[in-house]
$ cat run-v4.cif   # mmCIF, C-alpha atoms
data_model
loop_
_atom_site.label_atom_id
_atom_site.label_comp_id
_atom_site.auth_asym_id
_atom_site.auth_seq_id
_atom_site.Cartn_x
_atom_site.Cartn_y
_atom_site.Cartn_z
CA MET A 1 108.32 103.16 107.54
CA PRO A 2 106.24 104.24 104.52
CA ALA A 3 107.52 107.29 102.65
CA THR A 4 104.04 108.82 102.75
CA PRO A 5 101.08 108.01 105.02
CA TYR A 6 98.45 105.62 103.70
CA VAL A 7 95.81 108.28 104.44
CA SER A 8 96.44 111.95 103.69
CA ALA A 9 95.72 114.70 106.18
CA ALA A 10 92.92 116.00 103.95
CA ALA A 11 91.26 112.57 103.81
CA PHE A 12 91.53 112.20 107.58
CA ARG A 13 89.99 115.62 108.18
CA ALA A 14 87.05 114.59 105.99
CA HIS A 15 86.43 111.52 108.12
CA PRO A 16 83.69 112.11 110.75
CA THR A 17 85.90 111.90 113.84
CA TYR A 18 84.60 115.24 115.18
CA LEU A 19 88.02 115.98 116.63
CA ASP A 20 89.60 119.40 116.98
CA LEU A 21 92.58 119.19 114.65
CA ASP A 22 93.65 122.84 114.82
CA GLY A 23 95.53 122.68 118.11
CA LEU A 24 97.92 119.79 117.57
CA VAL A 25 100.96 122.06 117.94
CA THR A 26 100.49 124.13 121.07
CA GLY A 27 101.15 127.84 120.68
CA ASN A 28 101.61 127.70 116.91
CA PRO A 29 98.67 129.16 114.95
CA ASP A 30 100.23 128.37 111.57
CA PRO A 31 97.86 125.96 109.70
CA ALA A 32 100.86 124.45 107.91
CA ALA A 33 102.35 123.40 111.25
CA GLN A 34 99.08 121.75 112.28
CA GLU A 35 98.89 119.95 108.93
CA ALA A 36 102.48 118.75 109.24
CA GLU A 37 101.82 117.37 112.74
CA LEU A 38 98.68 115.55 111.58
CA THR A 39 100.64 114.09 108.67
CA THR A 40 103.29 112.87 111.10
CA LEU A 41 100.64 111.11 113.20
CA LEU A 42 99.16 109.51 110.08
CA LEU A 43 102.62 108.34 109.06
CA GLN A 44 103.11 106.79 112.50
CA ALA A 45 99.73 105.08 112.21
CA SER A 46 100.66 103.74 108.76
CA ALA A 47 103.92 102.35 110.14
CA TRP A 48 101.94 100.80 113.02
CA ALA A 49 99.66 99.08 110.48
CA ASP A 50 102.73 97.68 108.70
CA ASN A 51 104.10 96.39 111.99
CA GLU A 52 100.78 94.80 112.91
CA CYS A 53 100.79 92.93 109.59
CA ASN A 54 104.53 92.16 109.81
CA GLN A 55 105.02 93.46 106.28
CA PRO A 56 104.64 96.70 104.33
CA LEU A 57 101.08 97.10 103.06
CA GLY A 58 102.00 99.65 100.40
CA ALA A 59 103.53 98.53 97.11
CA HIS A 60 107.28 98.03 97.39
CA LEU A 61 110.18 96.17 95.82
CA HIS A 62 111.42 93.31 97.99
CA THR A 63 114.38 90.98 97.48
CA GLN A 64 114.28 87.55 99.08
CA SER A 65 117.12 85.04 99.37
CA THR A 66 116.38 81.43 100.19
CA ARG A 67 117.22 77.79 99.43
CA VAL A 68 114.69 75.67 97.55
CA ARG A 69 114.54 72.35 95.74
CA THR A 70 113.24 72.10 92.20
CA ASP A 71 110.08 70.04 91.69
CA ARG A 72 109.72 66.99 89.44
CA SER A 73 109.38 69.28 86.42
CA GLY A 74 112.54 71.18 87.24
CA MET A 75 110.64 74.32 88.26
CA LEU A 76 111.23 76.51 91.30
CA ARG A 77 108.45 76.78 93.86
CA LEU A 78 108.85 79.20 96.72
CA HIS A 79 106.76 81.13 99.20
CA ALA A 80 107.11 84.92 99.08
CA ASP A 81 107.88 86.60 102.41
CA HIS A 82 105.76 89.64 101.45
CA GLY A 83 102.44 89.71 99.66
CA PRO A 84 100.37 89.94 97.70
CA VAL A 85 102.92 89.67 94.89
CA SER A 86 102.02 91.43 91.66
CA THR A 87 105.22 91.19 89.61
CA VAL A 88 108.44 89.18 89.74
CA THR A 89 111.24 91.38 88.44
CA ALA A 90 114.38 89.26 88.83
CA VAL A 91 115.42 85.68 89.60
CA SER A 92 118.95 84.36 90.14
CA TYR A 93 119.88 80.82 91.16
CA GLY A 94 122.85 78.56 91.60
CA SER A 95 124.44 75.73 93.56
CA SER A 96 126.46 78.30 95.54
CA PRO A 97 125.38 81.71 96.93
CA THR A 98 128.54 83.25 95.45
CA SER A 99 127.85 82.13 91.87
CA LEU A 100 124.32 82.81 90.72
CA THR A 101 122.84 82.74 87.24
CA ALA A 102 120.23 85.37 86.39
CA LEU A 103 117.20 84.35 84.37
CA THR A 104 116.46 86.76 81.57
CA SER A 105 112.86 88.02 81.52
CA PRO A 106 111.73 85.64 84.28
CA GLN A 107 108.14 84.47 84.11
CA ALA A 108 106.36 83.51 87.32
CA TRP A 109 102.99 82.02 88.13
CA VAL A 110 101.65 83.61 91.33
CA GLU A 111 99.20 81.56 93.40
CA ASP A 112 97.16 83.12 96.21
CA GLY A 113 99.35 86.20 96.08
CA SER A 114 102.33 84.53 97.74
CA ASN A 115 103.23 81.17 96.18
CA LEU A 116 105.57 81.55 93.20
CA VAL A 117 106.11 78.94 90.49
CA ILE A 118 109.06 79.88 88.28
CA PRO A 119 109.91 77.92 85.10
CA MET A 120 113.66 77.51 84.68
CA ALA A 121 113.66 76.84 80.94
CA GLY A 122 114.80 79.56 78.56
CA THR A 123 117.78 81.82 78.10
CA SER A 124 120.03 82.58 81.04
CA THR A 125 123.18 84.57 81.50
CA ALA A 126 126.49 82.73 81.84
CA TRP A 127 127.62 81.49 85.21
CA SER A 128 129.84 83.94 87.07
CA GLY A 129 131.41 81.23 89.21
CA SER A 130 132.36 77.59 88.88
CA LEU A 131 131.62 75.44 85.85
CA GLN A 132 127.97 74.38 85.60
CA MET A 133 126.52 71.86 83.18
CA GLY A 134 123.11 72.94 81.88
CA PHE A 135 120.85 75.04 84.05
CA GLY A 136 121.04 73.04 87.27
CA THR A 137 117.32 72.23 87.18
CA ALA A 138 117.39 68.50 87.83
CA PRO A 139 114.33 67.41 89.85
CA GLY A 140 115.01 67.73 93.56
CA ALA A 141 118.19 69.79 93.15
CA GLU A 142 118.79 72.20 96.01
CA LEU A 143 119.50 75.70 94.79
CA PHE A 144 120.29 79.07 96.28
CA VAL A 145 117.70 81.49 94.89
CA ARG A 146 117.48 85.27 95.03
CA THR A 147 114.15 86.70 93.88
CA SER A 148 113.01 90.32 93.56
CA TYR A 149 109.33 91.11 93.30
CA VAL A 150 106.77 93.85 93.83
CA ALA A 151 104.37 93.18 96.71
CA GLY A 152 101.63 95.19 98.38
CA ALA A 153 99.04 97.62 97.08
CA VAL A 154 99.57 100.97 95.37
CA ALA A 155 99.74 103.72 98.00
CA THR A 156 100.98 107.06 96.73
CA GLN A 157 99.92 110.68 96.29
CA LEU A 158 99.44 113.10 93.43
CA THR A 159 102.47 115.34 92.96
CA ALA A 160 100.79 117.89 90.69
CA ALA A 161 97.33 119.32 90.16
CA ALA A 162 95.27 117.80 87.34
CA VAL A 163 92.44 119.52 85.51
CA GLN A 164 89.07 117.97 84.79
CA GLY A 165 89.32 115.90 81.61
CA ALA A 166 93.07 115.32 81.93
CA THR A 167 94.34 112.07 80.45
CA SER A 168 97.39 111.75 82.70
CA ILE A 169 98.33 112.26 86.34
CA SER A 170 101.61 112.70 88.18
CA VAL A 171 102.32 110.43 91.16
CA ALA A 172 105.09 110.32 93.73
CA ASP A 173 105.59 106.55 93.51
CA PRO A 174 104.39 104.41 90.58
CA THR A 175 105.43 101.14 92.25
CA GLY A 176 102.77 98.48 91.78
CA MET A 177 100.81 100.39 89.15
CA GLU A 178 100.01 98.29 86.10
CA PRO A 179 98.55 98.99 82.65
CA GLY A 180 94.79 98.51 82.90
CA GLY A 181 94.87 98.68 86.71
CA GLN A 182 92.21 100.58 88.63
CA TYR A 183 93.01 102.86 91.57
CA ARG A 184 91.13 105.36 93.70
CA ILE A 185 91.79 109.09 94.09
CA TRP A 186 90.69 109.93 97.63
CA GLU A 187 90.19 113.68 97.39
CA PRO A 188 87.29 114.63 99.68
CA GLY A 189 84.25 115.56 97.59
CA ARG A 190 86.03 114.59 94.37
CA GLU A 191 86.69 110.90 94.83
CA GLU A 192 86.89 108.85 91.67
CA THR A 193 88.34 105.60 90.35
CA ILE A 194 90.83 105.90 87.53
CA THR A 195 91.96 103.23 85.06
CA VAL A 196 95.55 103.22 83.81
CA SER A 197 95.89 103.14 80.03
CA PRO A 198 96.83 99.74 78.59
CA LEU A 199 99.45 101.63 76.55
CA TRP A 200 101.24 103.01 79.60
CA GLN A 201 104.67 101.52 80.23
CA ALA A 202 105.43 101.14 83.91
CA PRO A 203 108.94 102.19 84.96
CA VAL A 204 111.31 99.55 86.28
CA PRO A 205 110.55 99.06 89.99
CA ALA A 206 113.21 100.43 92.32
CA THR A 207 113.85 100.60 96.06
CA ALA A 208 114.02 104.40 95.69
CA PRO A 209 111.21 105.13 93.19
CA THR A 210 111.01 108.43 91.33
CA PRO A 211 107.87 110.43 90.48
CA SER A 212 106.18 109.39 87.27
CA THR A 213 103.48 110.50 84.85
CA VAL A 214 100.76 107.89 84.38
CA LEU A 215 98.57 107.75 81.28
CA LEU A 216 94.85 107.16 81.84
CA ALA A 217 92.42 105.05 79.85
CA SER A 218 89.72 107.76 80.15
CA PRO A 219 89.70 111.45 81.13
CA LEU A 220 89.38 112.52 84.76
CA LEU A 221 85.84 113.27 85.92
CA PHE A 222 87.04 115.95 88.36
CA ALA A 223 89.93 118.34 88.83
CA HIS A 224 92.36 117.30 91.55
CA ASP A 225 94.93 119.09 93.68
CA ALA A 226 98.38 117.81 94.53
CA GLY A 227 98.87 115.88 97.76
CA HIS A 228 95.78 113.70 97.63
CA ASP A 229 95.89 109.92 97.88
CA LEU A 230 96.01 107.64 94.86
CA SER A 231 95.55 104.20 96.33
CA GLY A 232 94.90 100.56 95.63
CA LEU A 233 94.72 99.74 99.32
CA PRO A 234 91.43 98.22 100.46
CA ALA A 235 89.16 100.86 101.96
CA GLU A 236 89.08 98.98 105.26
CA VAL A 237 92.88 99.16 105.58
CA ARG A 238 92.65 102.92 105.21
CA LEU A 239 89.90 102.86 107.84
CA ALA A 240 92.22 101.00 110.23
CA VAL A 241 94.81 103.78 109.83
CA VAL A 242 92.11 106.37 110.52
CA LYS A 243 90.97 104.53 113.64
CA TYR A 244 94.46 104.21 115.07
CA THR A 245 95.24 107.88 114.37
CA THR A 246 91.99 108.83 116.07
CA ALA A 247 93.02 106.77 119.09
CA LEU A 248 96.31 108.66 119.25
CA LEU A 249 94.44 111.95 119.19
CA LEU A 250 92.00 110.75 121.84
CA ARG A 251 94.78 110.20 124.37
CA PRO A 252 93.54 111.78 127.60
CA ASP A 253 95.30 114.74 129.10
CA THR A 254 98.64 113.57 130.49
CA SER A 255 98.09 115.73 133.54
CA ALA A 256 95.45 113.18 134.56
CA GLU A 257 98.08 110.42 134.15
CA ASP A 258 95.85 108.20 132.07
CA GLU A 259 97.35 105.25 130.24
CA PHE A 260 98.51 105.31 126.63
CA PRO A 261 95.55 104.44 124.37
CA ASP A 262 96.97 101.25 122.87
CA ALA A 263 98.03 99.72 126.20
CA SER A 264 97.07 96.05 126.32
CA THR A 265 95.75 96.32 129.86
CA ASN A 266 94.11 98.99 131.96
CA SER A 267 95.73 100.43 135.04
CA THR A 268 94.17 98.93 138.15
CA THR A 269 94.21 102.33 139.82
CA ARG A 270 92.18 103.87 137.01
CA GLY A 271 90.13 100.90 135.85
CA SER A 272 86.87 102.64 136.72
CA ASP A 273 87.77 105.85 134.87
CA SER A 274 84.83 106.55 132.53
CA ARG A 275 86.82 108.64 130.06
CA LYS A 276 87.54 107.03 126.71
CA THR A 277 91.15 106.11 126.00
CA GLY A 278 90.85 104.97 122.41
CA GLN A 279 91.50 101.30 123.19
CA GLY A 280 88.30 100.27 121.40
CA LEU A 281 89.47 102.01 118.24
CA VAL A 282 92.85 100.27 118.44
CA ASP A 283 91.15 96.90 118.90
CA GLU A 284 88.93 97.56 115.89
CA ALA A 285 91.93 98.58 113.79
CA ARG A 286 93.69 95.34 114.80
CA ARG A 287 90.60 93.32 113.88
CA ILE A 288 90.55 94.89 110.42
CA LEU A 289 94.24 94.27 109.81
CA SER A 290 94.17 90.70 111.06
CA SER A 291 93.32 89.37 107.58
CA TYR A 292 96.19 91.28 105.95
CA GLY A 293 99.04 89.91 108.04
CA ARG A 294 102.10 88.22 106.65
CA VAL A 295 101.58 84.52 105.99
CA ARG A 296 104.73 82.45 106.57
#
$ encode --input "run-v4.cif" --output "structure tokens"
Amino acid sequence: MPATPYVSAAAFRAHPTYLDLDGLVTGNPDPAAQEAELTTLLLQASAWADNECNQPLGAHLHTQSTRVRTDRSGMLRLHADHGPVSTVTAVSYGSSPTSLTALTSPQAWVEDGSNLVIPMAGTSTAWSGSLQMGFGTAPGAELFVRTSYVAGAVATQLTAAAVQGATSISVADPTGMEPGGQYRIWEPGREETITVSPLWQAPVPATAPTPSTVLLASPLLFAHDAGHDLSGLPAEVRLAVVKYTTALLLRPDTSAEDEFPDASTNSTTRGSDSRKTGQGLVDEARRILSSYGRVR
């Protein structure tokens, strides 16, 4: 499940759903409780989107272990389980899974966001297992390969307020952010696209990322509050999350015993019920996400 929803509560409230979002927690007038419940629903919708695509859509570090054969040039060619891949961070290989050699500063050519071509030439660390002559890159050699890479699109939030004209921002998760990359701040009424400074040095990707300060190539056009989305996700993916969350909120009163909104079929006893269940929104969300699914 994503650490933060792909769409913030503030961004969802700004979307023209025309829903009453102030009574999500019955009997609790505290606005913070209502906001927390809406955030929980958005997090569930984000996880649903990941499940629909059979991979995390937000930027993340993934490690993949597989067996491949080198090509005629002695290079590794493998298909990434998750995509699109932006950076390959580590590559280890060997004739046995218990004795792998790590390439230093691995370079990878990424095709179509998922096909990796990794040259084996260059400096490597010493074998940790049995004796190996050379680098084991003879054409057609079968190797055990463990590869770590960053896949998915930036999907994080601002962790601190930023004034107009600021040249840096603080984010919860810098994974996937690159020098020169462009990302969108989705603060209602203050949306803008920022460009990361070419001089910014991205931290080493980690499975448990830490907040980071990101240098900008140009000053912010607007002031921004903490908690708003900074995203590289396509706008239509965010729309799919909005649509599914709306479907959850449109669930008819359970006292009427209507079906859950994302049920694949309608109940025969209530097939003529004219009230909306949200199924159309779920179908539209699925249609949007269909082009972002995992390609095996």
$ residues_near_point --input "run-v4.cif" --point "(105.7, 82.9, 90.9)" --cutoff "8 Å" --atoms "only C-alpha atoms" --output "list of chain:residue names"
A:Arg77, A:Leu78, A:Val88, A:Gln107, A:Ala108, A:Trp109, A:Val110, A:Glu111, A:Ser114, A:Asn115, A:Leu116, A:Val117, A:Ile118
$ closest_atom_pairs --input "run-v4.cif" --of "range 102-207 of chain A" --to "range 233-241 of chain A" --cutoff "8 Å" --atoms "all atoms listed in the file" --output "tab-separated table"
residue	atom	partner	partner_atom	distance
A:Ala153	CA	A:Leu233	CA	5.3
A:Val154	CA	A:Leu233	CA	6.4
A:Ala155	CA	A:Leu233	CA	6.5
$ closest_residue --input "run-v4.cif" --among "A:Tyr244, A:Leu250, A:Ala45, A:Met120" --to "Ala285 in chain A" --atoms "all atoms listed in the file"
A:Tyr244
$ atom_distance --input "run-v4.cif" --atom1 "CA of Thr89 in chain A" --atom2 "CA of Ser148 in chain A"
5.5 Å
$ resolve_selection --input "run-v4.cif" --expression "the PyMOL selection byres ((chain A and resi 97) around 9)" --output "count of residues only"
11
$ atom_distance --input "run-v4.cif" --atom1 "CA of Val85 in chain A" --atom2 "CA of Ser168 in chain A"
25.8 Å
$ resolve_selection --input "run-v4.cif" --expression "the PyMOL selection byres ((chain A and resi 15) around 12)" --output "number ranges by chain"
A: 7-14, 16-19, 21, 186-189, 238-239, 241-243, 245-246
$ write_last_selection --input "run-v4.cif" --atoms "C-alpha atoms" --output "PDB file, in the frame of the given file"
ATOM      1  CA  VAL A   7      95.810 108.280 104.440  1.00  0.00           C
ATOM      2  CA  SER A   8      96.440 111.950 103.690  1.00  0.00           C
ATOM      3  CA  ALA A   9      95.720 114.700 106.180  1.00  0.00           C
ATOM      4  CA  ALA A  10      92.920 116.000 103.950  1.00  0.00           C
ATOM      5  CA  ALA A  11      91.260 112.570 103.810  1.00  0.00           C
ATOM      6  CA  PHE A  12      91.530 112.200 107.580  1.00  0.00           C
ATOM      7  CA  ARG A  13      89.990 115.620 108.180  1.00  0.00           C
ATOM      8  CA  ALA A  14      87.050 114.590 105.990  1.00  0.00           C
ATOM      9  CA  PRO A  16      83.690 112.110 110.750  1.00  0.00           C
ATOM     10  CA  THR A  17      85.900 111.900 113.840  1.00  0.00           C
ATOM     11  CA  TYR A  18      84.600 115.240 115.180  1.00  0.00           C
ATOM     12  CA  LEU A  19      88.020 115.980 116.630  1.00  0.00           C
ATOM     13  CA  LEU A  21      92.580 119.190 114.650  1.00  0.00           C
ATOM     14  CA  TRP A 186      90.690 109.930  97.630  1.00  0.00           C
ATOM     15  CA  GLU A 187      90.190 113.680  97.390  1.00  0.00           C
ATOM     16  CA  PRO A 188      87.290 114.630  99.680  1.00  0.00           C
ATOM     17  CA  GLY A 189      84.250 115.560  97.590  1.00  0.00           C
ATOM     18  CA  ARG A 238      92.650 102.920 105.210  1.00  0.00           C
ATOM     19  CA  LEU A 239      89.900 102.860 107.840  1.00  0.00           C
ATOM     20  CA  VAL A 241      94.810 103.780 109.830  1.00  0.00           C
ATOM     21  CA  VAL A 242      92.110 106.370 110.520  1.00  0.00           C
ATOM     22  CA  LYS A 243      90.970 104.530 113.640  1.00  0.00           C
ATOM     23  CA  THR A 245      95.240 107.880 114.370  1.00  0.00           C
ATOM     24  CA  THR A 246      91.990 108.830 116.070  1.00  0.00           C
TER      25      THR A 246
END
$ closest_residue --input "run-v4.cif" --among "A:Gln182, A:Thr175, A:Gln279, A:Ser290" --to "Ala208 in chain A" --atoms "all atoms listed in the file"
A:Thr175
$ closest_residue --input "run-v4.cif" --among "A:Ala217, A:Leu230, A:Leu76, A:Ala33" --to "Glu192 in chain A" --atoms "all atoms listed in the file"
A:Leu230
$ resolve_selection --input "run-v4.cif" --expression "the PyMOL selection byres ((chain A and resi 22-24) around 9)" --output "count of residues only"
14
$ residues_near_point --input "run-v4.cif" --point "(102.2, 90.2, 100.1)" --cutoff "8 Å" --atoms "all atoms listed in the file" --output "PyMOL selection string"
chain A and resi 55+57+80-85+113-114+151-152+294
$ atom_distance --input "run-v4.cif" --atom1 "CA of Ala59 in chain A" --atom2 "CA of Arg296 in chain A"
18.7 Å
$ closest_residue --input "run-v4.cif" --among "A:Thr70, A:Thr210, A:Ser197, A:Ser86" --to "Asp173 in chain A" --atoms "all atoms listed in the file"
A:Thr210
$ closest_residue --input "run-v4.cif" --among "A:Pro174, A:Pro106, A:Gly227, A:Pro56" --to "Ala161 in chain A" --atoms "all atoms listed in the file"
A:Gly227
$ decode --input "run-v4.cif" --residues "range 134-165 of chain A" --atoms "N, CA and C atoms" --output "JSON list (two decimals), in the first residue's frame"
[["chain", "number", "residue", "atom", "x", "y", "z"],
["A", 134, "GLY", "N", 37.46, -14.45, -15.17],
["A", 134, "GLY", "CA", 36.88, -13.32, -15.89],
["A", 134, "GLY", "C", 35.59, -12.89, -15.23],
["A", 135, "PHE", "N", 34.67, -12.36, -16.06],
["A", 135, "PHE", "CA", 33.43, -11.84, -15.53],
["A", 135, "PHE", "C", 32.24, -12.72, -15.85],
["A", 136, "GLY", "N", 32.46, -13.90, -16.40],
["A", 136, "GLY", "CA", 31.35, -14.80, -16.66],
["A", 136, "GLY", "C", 30.37, -14.26, -17.67],
["A", 137, "THR", "N", 30.88, -13.54, -18.71],
["A", 137, "THR", "CA", 29.98, -12.90, -19.67],
["A", 137, "THR", "C", 30.10, -13.52, -21.05],
["A", 138, "ALA", "N", 30.44, -14.79, -21.13],
["A", 138, "ALA", "CA", 30.50, -15.45, -22.42],
["A", 138, "ALA", "C", 29.13, -15.46, -23.05],
["A", 139, "PRO", "N", 29.03, -15.24, -24.36],
["A", 139, "PRO", "CA", 27.72, -15.23, -25.03],
["A", 139, "PRO", "C", 26.92, -16.49, -24.71],
["A", 140, "GLY", "N", 25.67, -16.30, -24.32],
["A", 140, "GLY", "CA", 24.79, -17.41, -24.03],
["A", 140, "GLY", "C", 24.92, -17.99, -22.64],
["A", 141, "ALA", "N", 25.83, -17.45, -21.82],
["A", 141, "ALA", "CA", 26.00, -17.98, -20.46],
["A", 141, "ALA", "C", 24.77, -17.68, -19.61],
["A", 142, "GLU", "N", 24.30, -18.68, -18.89],
["A", 142, "GLU", "CA", 23.17, -18.46, -17.99],
["A", 142, "GLU", "C", 23.68, -17.95, -16.65],
["A", 143, "LEU", "N", 23.11, -16.86, -16.19],
["A", 143, "LEU", "CA", 23.54, -16.23, -14.96],
["A", 143, "LEU", "C", 22.36, -15.97, -14.05],
["A", 144, "PHE", "N", 22.64, -16.02, -12.75],
["A", 144, "PHE", "CA", 21.68, -15.54, -11.75],
["A", 144, "PHE", "C", 21.92, -14.04, -11.59],
["A", 145, "VAL", "N", 20.87, -13.26, -11.70],
["A", 145, "VAL", "CA", 21.02, -11.81, -11.67],
["A", 145, "VAL", "C", 20.06, -11.20, -10.67],
["A", 146, "ARG", "N", 20.58, -10.32, -9.83],
["A", 146, "ARG", "CA", 19.75, -9.54, -8.91],
["A", 146, "ARG", "C", 19.91, -8.06, -9.26],
["A", 147, "THR", "N", 18.80, -7.42, -9.58],
["A", 147, "THR", "CA", 18.81, -6.04, -10.04],
["A", 147, "THR", "C", 17.90, -5.18, -9.17],
["A", 148, "SER", "N", 18.39, -4.03, -8.76],
["A", 148, "SER", "CA", 17.56, -3.06, -8.03],
["A", 148, "SER", "C", 17.39, -1.83, -8.91],
["A", 149, "TYR", "N", 16.17, -1.33, -8.96],
["A", 149, "TYR", "CA", 15.91, -0.17, -9.80],
["A", 149, "TYR", "C", 14.73, 0.63, -9.24],
["A", 150, "VAL", "N", 14.65, 1.88, -9.66],
["A", 150, "VAL", "CA", 13.53, 2.75, -9.30],
["A", 150, "VAL", "C", 12.52, 2.71, -10.43],
["A", 151, "ALA", "N", 11.27, 2.40, -10.10],
["A", 151, "ALA", "CA", 10.19, 2.35, -11.09],
["A", 151, "ALA", "C", 9.02, 3.17, -10.60],
["A", 152, "GLY", "N", 8.16, 3.57, -11.52],
["A", 152, "GLY", "CA", 6.98, 4.35, -11.16],
["A", 152, "GLY", "C", 7.23, 5.84, -11.25],
["A", 153, "ALA", "N", 6.19, 6.60, -10.96],
["A", 153, "ALA", "CA", 6.24, 8.06, -11.06],
["A", 153, "ALA", "C", 6.27, 8.70, -9.68],
["A", 154, "VAL", "N", 6.91, 9.84, -9.58],
["A", 154, "VAL", "CA", 6.98, 10.56, -8.31],
["A", 154, "VAL", "C", 5.58, 10.80, -7.78],
["A", 155, "ALA", "N", 5.36, 10.48, -6.52],
["A", 155, "ALA", "CA", 4.06, 10.68, -5.87],
["A", 155, "ALA", "C", 4.30, 10.92, -4.39],
["A", 156, "THR", "N", 4.45, 12.16, -4.02],
["A", 156, "THR", "CA", 4.77, 12.50, -2.64],
["A", 156, "THR", "C", 4.00, 13.76, -2.25],
["A", 157, "GLN", "N", 4.29, 14.28, -1.07],
["A", 157, "GLN", "CA", 3.64, 15.50, -0.59],
["A", 157, "GLN", "C", 4.67, 16.43, 0.03],
["A", 158, "LEU", "N", 4.33, 17.70, 0.06],
["A", 158, "LEU", "CA", 5.18, 18.70, 0.71],
["A", 158, "LEU", "C", 5.12, 18.49, 2.22],
["A", 159, "THR", "N", 6.27, 18.55, 2.86],
["A", 159, "THR", "CA", 6.31, 18.36, 4.31],
["A", 159, "THR", "C", 6.44, 19.67, 5.07],
["A", 160, "ALA", "N", 6.63, 20.76, 4.35],
["A", 160, "ALA", "CA", 6.76, 22.08, 5.00],
["A", 160, "ALA", "C", 6.22, 23.14, 4.06],
["A", 161, "ALA", "N", 5.74, 24.23, 4.65],
["A", 161, "ALA", "CA", 5.25, 25.34, 3.84],
["A", 161, "ALA", "C", 6.41, 25.98, 3.09],
["A", 162, "ALA", "N", 6.12, 26.53, 1.93],
["A", 162, "ALA", "CA", 7.14, 27.21, 1.11],
["A", 162, "ALA", "C", 6.58, 28.57, 0.69],
["A", 163, "VAL", "N", 7.38, 29.59, 0.80],
["A", 163, "VAL", "CA", 6.94, 30.94, 0.46],
["A", 163, "VAL", "C", 7.07, 31.17, -1.03],
["A", 164, "GLN", "N", 6.34, 32.14, -1.53],
["A", 164, "GLN", "CA", 6.46, 32.52, -2.93],
["A", 164, "GLN", "C", 7.90, 32.97, -3.20],
["A", 165, "GLY", "N", 8.48, 32.48, -4.29],
["A", 165, "GLY", "CA", 9.85, 32.83, -4.63],
["A", 165, "GLY", "C", 10.90, 31.91, -4.03]]
